[in-house]
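Peer 1: One structure, pasted below without further comment.
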Amino acid sequence: MTDWLEPLAHAEMAAGADRATARNRARLGLATVRGLLLDLLATGDRVGVDAAMEEFLRLYYPPSDGAADQRSGTT
């Protein structure tokens, strides 16, 4: 766990998060990815797991400039 947690926390701090928030976000992201990998292994539902990961990324990294809306065709 720590092999992944520290680099992820460092990336969060580089983006402006304080150390405690960065570690919490890193753990949340890592736990989500691990859970989705387990889901994939248990169900084989690649389409569903990919869709859940895309949704998580939209929540975790919300667009700041409207670029995502332009890509999806919504405004």
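Following the order of the structure tokens, first chain is A, next is B, and so on, with residues numbered from 1 inside each chain and ligands from 1 in the order they appear.
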Quick one: pick out all helix (DSSP H, G or I) residues within region 11-71 of chain A from a backbone DSSP run and write them as an MDAnalysis selection string.
Peer 2: chainID A and resid 11:14 19:43 46:60 67:71
Peer 1: Can you pull out the residues contacting Phe56 (chain A)? Cut-off 12 Å, using only C-alpha atoms, and skip same-chain residues under 3 positions away; I want them as an NGL selection string.
Peer 2: :A and (28-33 or 35-36 or 49-53 or 59-62)
Peer 1: Using all heavy atoms, can you write the selected residues to a file as a tab-separated table (two decimals), in the first residue's frame?
Peer 2:
chain	number	residue	atom	x	y	z
A	28	LEU	N	-8.12	7.25	-0.88
A	28	LEU	CA	-9.43	7.09	-1.52
A	28	LEU	C	-9.28	6.64	-2.97
A	28	LEU	O	-9.96	5.71	-3.42
A	28	LEU	CB	-10.21	8.41	-1.47
A	28	LEU	CG	-11.53	8.44	-2.23
A	28	LEU	CD1	-12.50	7.41	-1.65
A	28	LEU	CD2	-12.12	9.84	-2.16
A	29	GLY	N	-8.39	7.27	-3.71
A	29	GLY	CA	-8.18	6.89	-5.10
A	29	GLY	C	-7.67	5.47	-5.22
A	29	GLY	O	-8.16	4.68	-6.05
A	30	LEU	N	-6.70	5.12	-4.40
A	30	LEU	CA	-6.14	3.77	-4.43
A	30	LEU	C	-7.18	2.73	-4.05
A	30	LEU	O	-7.30	1.68	-4.70
A	30	LEU	CB	-4.93	3.70	-3.50
A	30	LEU	CG	-4.13	2.42	-3.51
A	30	LEU	CD1	-3.66	2.06	-4.91
A	30	LEU	CD2	-2.94	2.55	-2.58
A	31	ALA	N	-7.96	3.01	-3.02
A	31	ALA	CA	-9.01	2.07	-2.60
A	31	ALA	C	-10.06	1.88	-3.69
A	31	ALA	O	-10.54	0.76	-3.92
A	31	ALA	CB	-9.66	2.56	-1.31
A	32	THR	N	-10.40	2.95	-4.37
A	32	THR	CA	-11.39	2.86	-5.45
A	32	THR	C	-10.87	1.99	-6.58
A	32	THR	O	-11.58	1.11	-7.08
A	32	THR	CB	-11.75	4.27	-5.96
A	32	THR	OG1	-12.29	5.02	-4.88
A	32	THR	CG2	-12.74	4.20	-7.10
A	33	VAL	N	-9.64	2.23	-6.98
A	33	VAL	CA	-9.06	1.44	-8.08
A	33	VAL	C	-8.96	-0.03	-7.68
A	33	VAL	O	-9.31	-0.92	-8.46
A	33	VAL	CB	-7.70	2.01	-8.50
A	33	VAL	CG1	-6.99	1.08	-9.46
A	33	VAL	CG2	-7.88	3.39	-9.13
A	35	GLY	N	-10.79	-1.61	-5.52
A	35	GLY	CA	-12.15	-2.15	-5.48
A	35	GLY	C	-12.68	-2.45	-6.87
A	35	GLY	O	-13.32	-3.49	-7.10
A	36	LEU	N	-12.38	-1.57	-7.81
A	36	LEU	CA	-12.84	-1.81	-9.18
A	36	LEU	C	-12.10	-2.98	-9.82
A	36	LEU	O	-12.70	-3.74	-10.59
A	36	LEU	CB	-12.69	-0.54	-10.02
A	36	LEU	CG	-13.70	0.56	-9.68
A	36	LEU	CD1	-13.34	1.86	-10.41
A	36	LEU	CD2	-15.12	0.14	-10.00
A	49	VAL	N	-17.10	-1.81	-15.20
A	49	VAL	CA	-15.98	-1.33	-14.40
A	49	VAL	C	-15.35	-0.10	-15.05
A	49	VAL	O	-15.04	0.88	-14.37
A	49	VAL	CB	-14.94	-2.45	-14.19
A	49	VAL	CG1	-13.64	-1.91	-13.60
A	49	VAL	CG2	-15.52	-3.53	-13.28
A	50	ASP	N	-15.18	-0.13	-16.36
A	50	ASP	CA	-14.63	1.04	-17.06
A	50	ASP	C	-15.54	2.26	-16.88
A	50	ASP	O	-15.06	3.38	-16.64
A	50	ASP	CB	-14.45	0.76	-18.54
A	50	ASP	CG	-13.24	-0.11	-18.84
A	50	ASP	OD1	-12.43	-0.37	-17.92
A	50	ASP	OD2	-13.11	-0.55	-20.00
A	51	ALA	N	-16.84	2.06	-16.96
A	51	ALA	CA	-17.78	3.17	-16.78
A	51	ALA	C	-17.70	3.73	-15.36
A	51	ALA	O	-17.73	4.95	-15.16
A	51	ALA	CB	-19.20	2.71	-17.10
A	52	ALA	N	-17.58	2.85	-14.38
A	52	ALA	CA	-17.46	3.30	-12.99
A	52	ALA	C	-16.16	4.07	-12.79
A	52	ALA	O	-16.14	5.09	-12.10
A	52	ALA	CB	-17.54	2.11	-12.04
A	53	MET	N	-15.08	3.61	-13.40
A	53	MET	CA	-13.80	4.31	-13.27
A	53	MET	C	-13.87	5.69	-13.92
A	53	MET	O	-13.37	6.67	-13.36
A	53	MET	CB	-12.68	3.48	-13.90
A	53	MET	CG	-11.32	4.09	-13.71
A	53	MET	SD	-10.88	4.15	-11.96
A	53	MET	CE	-9.41	5.13	-12.02
A	59	LEU	N	-15.56	12.68	-10.96
A	59	LEU	CA	-15.79	13.21	-9.61
A	59	LEU	C	-14.50	13.64	-8.94
A	59	LEU	O	-14.45	14.66	-8.26
A	59	LEU	CB	-16.48	12.15	-8.74
A	59	LEU	CG	-17.90	11.77	-9.14
A	59	LEU	CD1	-18.35	10.54	-8.35
A	59	LEU	CD2	-18.84	12.93	-8.91
A	60	TYR	N	-13.46	12.87	-9.13
A	60	TYR	CA	-12.18	13.11	-8.48
A	60	TYR	C	-11.42	14.27	-9.11
A	60	TYR	O	-10.75	15.02	-8.42
A	60	TYR	CB	-11.36	11.82	-8.57
A	60	TYR	CG	-10.22	11.71	-7.59
A	60	TYR	CD1	-10.45	11.48	-6.24
A	60	TYR	CD2	-8.91	11.80	-8.03
A	60	TYR	CE1	-9.41	11.34	-5.35
A	60	TYR	CE2	-7.85	11.66	-7.14
A	60	TYR	CZ	-8.11	11.43	-5.81
A	60	TYR	OH	-7.07	11.30	-4.93
A	61	TYR	N	-11.52	14.39	-10.42
A	61	TYR	CA	-10.85	15.46	-11.16
A	61	TYR	C	-11.87	16.21	-11.99
A	61	TYR	O	-11.94	16.05	-13.21
A	61	TYR	CB	-9.77	14.89	-12.11
A	61	TYR	CG	-8.68	14.16	-11.40
A	61	TYR	CD1	-8.58	12.78	-11.48
A	61	TYR	CD2	-7.73	14.85	-10.66
A	61	TYR	CE1	-7.55	12.10	-10.83
A	61	TYR	CE2	-6.71	14.18	-10.01
A	61	TYR	CZ	-6.63	12.81	-10.10
A	61	TYR	OH	-5.62	12.14	-9.46
A	62	PRO	N	-12.69	17.03	-11.36
A	62	PRO	CA	-13.72	17.75	-12.11
A	62	PRO	C	-13.08	18.71	-13.12
A	62	PRO	O	-12.02	19.27	-12.86
A	62	PRO	CB	-14.51	18.51	-11.05
A	62	PRO	CG	-13.64	18.56	-9.86
A	62	PRO	CD	-12.70	17.39	-9.94
Peer 1: So that I can check the surroundings of Ala26 (chain A), please list as a VMD selection string every protein, DNA and RNA residue that reaches within 10 Å of it, counting only C-alpha atoms and ignoring chain neighbours fewer than 2 positions away.
Peer 2: chain A and resid 4 to 12 20 to 24 28 to 32
Peer 1: Which distance in Å separates CA of Thr43 (chain A) and CA of Arg58 (chain A), to one decimal?
Peer 2: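 Calculated distance between CA of Thr43 (chain A) and CA of Arg58 (chain A) is 23.2 Å.
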Peer 1: What separation in Å, quoted to one decimal, exists between CA of Ala42 (chain A) and CA of Leu57 (chain A)?
Peer 2: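 Distance reported for this atom pair: 21.8 Å.
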